[in-house]
Protein chains: 2
Amino acid sequence: MKKIEDIFPAALDAEAAAKCDGGDITVSGAIHKIRQMTSFAFVILRTGRSLIQGVYSSDNCDFDLSRLQEGSYVRVLGTVKAESRTENGFELIIRQITLLSSPAEQMPVSLSKKYLNVSLDVNLSLRPIVLRHPMQRAIFKLQEGIVSGFRNYMLANDFTEIHSPKIVKAGAEGGANLFKLDYFGQQAYLAQSPQFYKQMMAAVFDRVFEIGCVYRAEKHSTSRHLNEYIGLDFEMAYIDSMYDIMAVETGMLKAVIAELRKNYQHELGLLSVQLPTIDHIPALTFTEVKDILKGMGKASKLYYDLEPEEEEIICEYAKNTFGSEFLFITHYPSAKRPFYAMDDADSPEFALSFDLLFRGLEITTGGQRIHDYNMQVEKMKARGLDPEDFASYLMIHKHGMPPHGGLGIGLERLLMRILNLPNVRQTALFPRDLTRLEP
Amino acid sequence: MKKIEDIFPAALDAEAAAKCDGGDITVSGAIHKIRQMTSFAFVILRTGRSLIQGVYSSDNCDFDLSRLQEGSYVRVLGTVKAESRTENGFELIIRQITLLSSPAEQMPVSLSKKYLNVSLDVNLSLRPIVLRHPMQRAIFKLQEGIVSGFRNYMLANDFTEIHSPKIVKAGAEGGANLFKLDYFGQQAYLAQSPQFYKQMMAAVFDRVFEIGCVYRAEKHSTSRHLNEYIGLDFEMAYIDSMYDIMAVETGMLKAVIAELRKNYQHELGLLSVQLPTIDHIPALTFTEVKDILKGMGKASKLYYDLEPEEEEIICEYAKNTFGSEFLFITHYPSAKRPFYAMDDADSPEFALSFDLLFRGLEITTGGQRIHDYNMQVEKMKARGLDPEDFASYLMIHKHGMPPHGGLGIGLERLLMRILNLPNVRQTALFPRDLTRLEP
């Protein structure tokens, strides 16, 4: 007897089903729905990635169907029959059912409706069970795809994967947005980014990347902020300029989209996703962007940064002008970029630093970093920071650093924009925001 | 002009070098060492994974070599010449040198000595620069290999990668070993394991895995405890018993060792690693282990668990008796296992739970979990826990869970034992222990 894993190693597809037409297989799954017809019943099984249509009739199987309900778990033995009208191109003529477990209570929401149709608040409160809904879980299967695409591209381009600590002595970005904790009597923080560590490691392996948690104790309650999120970070040595970093990001994003297109068609279809096309990503300087916005009468009074609305408008502009849903903005005012950003030698009021906007939202901040010890110490002092407080970080500059730079991407934001979802909480498995600490 | 990345996409090896013998390439690297000979100098470059022997002579290159020191970063143009006595099978006849950056101060330790020869304390304090030493960084290249081997095996076996939150409302393992933090006025903790979340997700995707941070506020200062470490976790539904989990772990460990053997020969050689062979991993019950230890006069007075010394002795026994450096121990006393562990129906004083020991050290804890709601609620009550405190976790049991189980592996411990290193701090990039919060 074959188990379904042996027959359909990845997704269940019509081609694979056709191969075992007429054969018997064993499938384990949840009872997703039972649809009683006159002389038989459709028993829809939910497996890890798909729905399988079982056909039950007491002629073929002596199991008492009234023992099953939505949320029961079963093992089914059945015969594969090609059936082009089902999602996987086959149905299962059920011969045996073994009941594995039964729920104690009915679900408060129905998972078998095509659309879940609950408010975000209810969704997040019932997250542990709501994620079982085919459209909900598809979001996180695609999240896996983005992470795989990112990682495979990094590994194929000689980046080494690292794991840096998240309990730290000092924040990399400064400011008040740090979660504090007591660490055996010492004041500690949750890392705002792997910045210091990835720079340290860029001189160890030349190129490094990390996929890990990032913490921001921001008191914002917006549709695009999470207090804990997954950062896709990389850092690379021997760059000639920040444009090398932007080129790697462009290549990586192409690889991510290709990965989704190749291995996640089922989920893309379920969620009706329009994947962006990426060719060349246009770049404008911050000053150019402000000038364009001024020309449109849309520039805000924020001189050193862009308001969310300005990001949306300039993305619309880029789409119309360059045909791209992605837009790099370079040369941000130095004053608004971190102390480790390298300033433009020709115009030191601007940093060699960039954001990547996608469909109206900033999804990346990156840039070239200072590698010279004296330059870094001077910039710290100019900002009122005490280099003594950063002694272990400055060790790398003091004893030699190659020119280097990198970036960080917010995984949930990238996914949110790929799916065109309105709220970033929808793309975090168990989001953390101002009030939400569970589930 | 080719860059070295184009020619040697992965490690630099003799075969690749032979292919471009006589050709010109560009290499960027750190000055690892300069060895002045009578009429020429060896300039050893350290790139991200290897050392490249450059041969400098003023006849071929007009750069003033006195401008360079250990820790300078350069770009070198040179001609490849086959040379079997070097680590990669070639040397580089240097034609041009571009100085990219210079250190402000000399290193406090020499990276060019074959062995670093500093105390662990010095090593950890100087971590940001000490990791540049070829033998130090090799440890973390192998860490990458373990993670890749684990992940690739999981993905190939239909496990979905997840990312669960690390700021949580309640600890999964209970006890006092939790780091506390203030979360916008709420009491929160750092996750002791992704336990609750991976169980929730096992009913979403059938099989899930996670590679992420785990926090234990243990006040131990031993050679095998870290307060922050990387957990390799998986959880799978539709198991028949815990032996299914042990079978997946065995297959995964074989894949990890195969990955290291295939893609990390350079580092295995540098560190003289003896990879373990894994065929069938033997299993003994906790009671059998205690009986064997008693028979040897080595059993401790700890009735419900094993002392570290007992783990070492039983591993030695397993090696001599079964020829295996790995040993599963099953059926631990229920009292010492967590509340979500399923007890053995035949002998409820024992849990369907196991540890995996490797070369004397516990590297895994796993087992079958309770999936029935009433059984879980009863076990919580019997332990004095209030089910109300676990309402969002119990949602999954209440509305139906398949039989399931899983395990967690400590990445640093596994690596420590593969390398036969004496202290787990050596296999964490930037370890966190009772006193160490930086770098």
# chains A, B, ... in the order shown; residues from 1 in each chain; ligands from 1
>>> select_by_dssp(residues="segment 157-258 of chain A", states="helix (DSSP H, G or I)", output="list in words")
Gln195, Phe196, Tyr197, Lys198, Gln199, Met200, Met201, Ala202, Ala203, Val204, Phe205, Met242, Tyr243, Asp244, Ile245, Met246, Ala247, Val248, Glu249, Thr250, Gly251, Met252, Leu253, Lys254, Ala255, Val256, Ile257 and Ala258 of chain A
>>> closest_atom_pairs(of="chain A", to="chain B", cutoff="7 Å", atoms="only C-alpha atoms", output="Markdown table")
| residue | atom | partner | partner_atom | distance |
| --- | --- | --- | --- | --- |
| A:Ala10 | CA | B:Asp158 | CA | 6.5 |
| A:Ser28 | CA | B:Tyr238 | CA | 6.8 |
| A:Thr47 | CA | B:Asp206 | CA | 7.0 |
| A:Gly48 | CA | B:Phe205 | CA | 4.0 |
| A:Arg49 | CA | B:Phe205 | CA | 6.4 |
| A:Gly71 | CA | B:Gly400 | CA | 5.2 |
| A:Ser72 | CA | B:Gly400 | CA | 6.2 |
| A:Tyr73 | CA | B:Pro402 | CA | 5.6 |
| A:Leu100 | CA | B:Pro402 | CA | 6.7 |
| A:Ser101 | CA | B:Pro402 | CA | 6.1 |
| A:Ser102 | CA | B:Gly400 | CA | 5.8 |
| A:Pro103 | CA | B:Gly400 | CA | 3.9 |
| A:Ala104 | CA | B:Lys398 | CA | 5.0 |
| A:Glu105 | CA | B:His399 | CA | 5.4 |
| A:Gln106 | CA | B:His399 | CA | 5.9 |
| A:Met107 | CA | B:His399 | CA | 5.7 |
| A:Pro128 | CA | B:Met200 | CA | 5.6 |
| A:Ile129 | CA | B:Ile396 | CA | 6.2 |
| A:Leu131 | CA | B:Val204 | CA | 6.3 |
| A:Arg132 | CA | B:Val204 | CA | 4.6 |
| A:Arg137 | CA | B:Val204 | CA | 6.8 |
| A:Glu144 | CA | B:Glu161 | CA | 5.8 |
| A:Asp158 | CA | B:Ala10 | CA | 6.5 |
| A:Glu161 | CA | B:Glu144 | CA | 5.8 |
| A:Ser164 | CA | B:Leu429 | CA | 6.6 |
| A:Pro165 | CA | B:Phe430 | CA | 6.4 |
| A:Val168 | CA | B:Leu437 | CA | 6.1 |
| A:Lys169 | CA | B:Leu437 | CA | 5.9 |
| A:Lys180 | CA | B:Leu181 | CA | 6.5 |
| A:Leu181 | CA | B:Leu181 | CA | 5.0 |
| A:Phe184 | CA | B:Leu434 | CA | 6.5 |
| A:Met200 | CA | B:Pro128 | CA | 5.6 |
| A:Ala203 | CA | B:Arg132 | CA | 6.9 |
| A:Val204 | CA | B:Arg132 | CA | 4.6 |
| A:Phe205 | CA | B:Gly48 | CA | 4.0 |
| A:Asp206 | CA | B:Gly48 | CA | 4.8 |
| A:Tyr238 | CA | B:Ser28 | CA | 6.8 |
| A:Tyr373 | CA | B:Ala104 | CA | 6.4 |
| A:Ser392 | CA | B:Pro439 | CA | 5.6 |
| A:Met395 | CA | B:Pro128 | CA | 6.9 |
| A:Ile396 | CA | B:Ile129 | CA | 6.2 |
| A:Lys398 | CA | B:Ala104 | CA | 5.0 |
| A:His399 | CA | B:Pro103 | CA | 4.7 |
| A:Gly400 | CA | B:Pro103 | CA | 3.9 |
| A:Met401 | CA | B:Ser101 | CA | 6.9 |
| A:Pro402 | CA | B:Tyr73 | CA | 5.7 |
| A:Leu429 | CA | B:Ser164 | CA | 6.6 |
| A:Phe430 | CA | B:Pro165 | CA | 6.4 |
| A:Leu434 | CA | B:Phe184 | CA | 6.5 |
| A:Leu437 | CA | B:Lys169 | CA | 5.9 |
| A:Glu438 | CA | B:Lys169 | CA | 6.1 |
| A:Pro439 | CA | B:Ser392 | CA | 5.6 |
>>> select_by_dssp(residues="segment 42-150 of chain A", states="strand (DSSP E)", output="tab-separated table (two decimals) with N, CA and C atoms, in the first residue's frame")
chain	number	residue	atom	x	y	z
A	42	PHE	N	-19.79	13.49	-0.82
A	42	PHE	CA	-18.43	13.99	-1.05
A	42	PHE	C	-17.79	14.24	0.31
A	43	VAL	N	-16.63	13.62	0.51
A	43	VAL	CA	-15.89	13.84	1.75
A	43	VAL	C	-14.61	14.58	1.34
A	44	ILE	N	-14.57	15.87	1.65
A	44	ILE	CA	-13.40	16.67	1.24
A	44	ILE	C	-12.35	16.62	2.34
A	45	LEU	N	-11.19	16.10	1.97
A	45	LEU	CA	-10.09	16.01	2.92
A	45	LEU	C	-9.16	17.19	2.73
A	46	ARG	N	-8.71	17.76	3.85
A	46	ARG	CA	-7.72	18.83	3.78
A	46	ARG	C	-6.37	18.24	4.19
A	51	LEU	N	-6.81	20.28	-1.13
A	51	LEU	CA	-8.06	19.62	-0.79
A	51	LEU	C	-8.22	18.43	-1.72
A	52	ILE	N	-8.62	17.30	-1.16
A	52	ILE	CA	-8.80	16.10	-1.98
A	52	ILE	C	-10.26	15.69	-1.89
A	53	GLN	N	-10.85	15.47	-3.04
A	53	GLN	CA	-12.25	15.09	-3.06
A	53	GLN	C	-12.39	13.58	-2.91
A	54	GLY	N	-12.93	13.16	-1.77
A	54	GLY	CA	-13.23	11.74	-1.57
A	54	GLY	C	-14.68	11.48	-1.92
A	55	VAL	N	-14.95	10.31	-2.46
A	55	VAL	CA	-16.33	9.93	-2.76
A	55	VAL	C	-16.69	8.73	-1.90
A	56	TYR	N	-17.64	8.97	-1.02
A	56	TYR	CA	-18.04	7.92	-0.08
A	56	TYR	C	-19.38	7.33	-0.48
A	73	TYR	N	-10.05	14.07	12.21
A	73	TYR	CA	-8.87	13.69	11.43
A	73	TYR	C	-8.95	12.20	11.12
A	74	VAL	N	-8.67	11.87	9.86
A	74	VAL	CA	-8.86	10.49	9.40
A	74	VAL	C	-7.69	10.01	8.53
A	75	ARG	N	-7.61	8.71	8.44
A	75	ARG	CA	-6.76	8.09	7.42
A	75	ARG	C	-7.71	7.37	6.48
A	76	VAL	N	-7.53	7.61	5.19
A	76	VAL	CA	-8.45	7.06	4.20
A	76	VAL	C	-7.68	6.21	3.21
A	77	LEU	N	-8.24	5.04	2.92
A	77	LEU	CA	-7.72	4.21	1.84
A	77	LEU	C	-8.70	4.32	0.69
A	78	GLY	N	-8.19	4.61	-0.48
A	78	GLY	CA	-9.11	4.78	-1.59
A	78	GLY	C	-8.46	4.52	-2.94
A	79	THR	N	-9.29	4.49	-3.95
A	79	THR	CA	-8.82	4.26	-5.31
A	79	THR	C	-8.83	5.59	-6.06
A	80	VAL	N	-7.72	5.88	-6.71
A	80	VAL	CA	-7.60	7.13	-7.46
A	80	VAL	C	-8.42	7.04	-8.74
A	81	LYS	N	-9.18	8.09	-9.00
A	81	LYS	CA	-9.94	8.12	-10.25
A	81	LYS	C	-9.76	9.51	-10.87
A	82	ALA	N	-9.29	9.53	-12.09
A	82	ALA	CA	-9.07	10.82	-12.75
A	82	ALA	C	-10.39	11.58	-12.79
A	90	PHE	N	-8.04	14.65	-9.74
A	90	PHE	CA	-8.49	13.30	-9.41
A	90	PHE	C	-9.44	13.34	-8.23
A	91	GLU	N	-10.17	12.25	-8.05
A	91	GLU	CA	-10.90	12.07	-6.80
A	91	GLU	C	-10.56	10.70	-6.25
A	92	LEU	N	-11.01	10.47	-5.03
A	92	LEU	CA	-10.62	9.24	-4.34
A	92	LEU	C	-11.89	8.46	-4.02
A	93	ILE	N	-12.01	7.26	-4.57
A	93	ILE	CA	-13.16	6.42	-4.23
A	93	ILE	C	-12.80	5.73	-2.90
A	94	ILE	N	-13.52	6.14	-1.86
A	94	ILE	CA	-13.13	5.73	-0.51
A	94	ILE	C	-13.50	4.28	-0.22
A	95	ARG	N	-12.52	3.51	0.26
A	95	ARG	CA	-12.76	2.10	0.61
A	95	ARG	C	-12.68	1.86	2.11
A	96	GLN	N	-11.85	2.63	2.78
A	96	GLN	CA	-11.68	2.43	4.22
A	96	GLN	C	-11.43	3.79	4.87
A	97	ILE	N	-12.01	3.98	6.04
A	97	ILE	CA	-11.74	5.20	6.80
A	97	ILE	C	-11.34	4.79	8.21
A	98	THR	N	-10.24	5.36	8.70
A	98	THR	CA	-9.86	5.16	10.10
A	98	THR	C	-9.93	6.52	10.78
A	99	LEU	N	-10.72	6.59	11.85
A	99	LEU	CA	-10.84	7.86	12.57
A	99	LEU	C	-9.64	8.01	13.49
A	100	LEU	N	-8.88	9.10	13.31
A	100	LEU	CA	-7.68	9.31	14.13
A	100	LEU	C	-7.95	10.17	15.35
A	101	SER	N	-8.79	11.18	15.18
A	101	SER	CA	-9.13	12.03	16.33
A	101	SER	C	-10.37	12.85	16.00
>>> residues_around(residues="Val424 of chain B", least_positions_apart="3", cutoff="9 Å", atoms="only C-alpha atoms", output="PyMOL selection string")
chain B and resi 222-226+412-413+415-417+421+427-428+431
>>> closest_residue(among="A:Leu356, A:Ile314, A:Leu385, A:Val256", to="Leu142 of chain A", atoms="only C-alpha atoms")
A:Val256
>>> residues_around(residues="Gly367 of chain B", least_positions_apart="5", cutoff="8 Å", atoms="only C-alpha atoms", output="list in words")
Met242, Ile245, Ala341, Met342, Leu352, Ser353, Phe354, Gly405, Gly406 and Leu407 of chain B
>>> write_last_selection(atoms="C-alpha atoms", output="PDB file, in the first residue's frame")
ATOM      1  CA  MET B 242       7.220   8.692  18.394  1.00  0.00           C
ATOM      2  CA  ILE B 245       9.811  11.216  14.606  1.00  0.00           C
ATOM      3  CA  ALA B 341       3.958  15.192  26.295  1.00  0.00           C
ATOM      4  CA  MET B 342       1.763  12.163  25.693  1.00  0.00           C
ATOM      5  CA  LEU B 352       6.265   8.854  24.835  1.00  0.00           C
ATOM      6  CA  SER B 353       9.203  11.128  24.755  1.00  0.00           C
ATOM      7  CA  PHE B 354      12.868  10.742  23.893  1.00  0.00           C
ATOM      8  CA  GLY B 405       4.903  15.056  17.548  1.00  0.00           C
ATOM      9  CA  GLY B 406       8.248  16.600  16.936  1.00  0.00           C
ATOM     10  CA  LEU B 407      11.552  17.608  18.384  1.00  0.00           C
TER      11      LEU B 407
END
>>> closest_residue(among="A:Asn263, A:Thr321, A:Ser193, A:Ser221", to="Ile409 of chain A", atoms="only C-alpha atoms")
A:Ser193
>>> residues_around(residues="Val289 of chain B", least_positions_apart="6", cutoff="12 Å", atoms="only C-alpha atoms", output="list in words")
Ala283, Gly295, Met296, Lys298, Ala299, Ser300, Tyr303, Tyr304, Asp305, Leu306, Glu307, Glu310, Glu311, Glu312, Ile313, Ile314, Cys315, Tyr317, Ala318, Leu327, Phe328, Ile329, Thr330, His331 and Tyr332 of chain B
>>> closest_residue(among="B:Arg216, B:Lys19, B:Lys319, B:Arg261", to="Glu173 of chain B", atoms="only C-alpha atoms")
B:Arg216
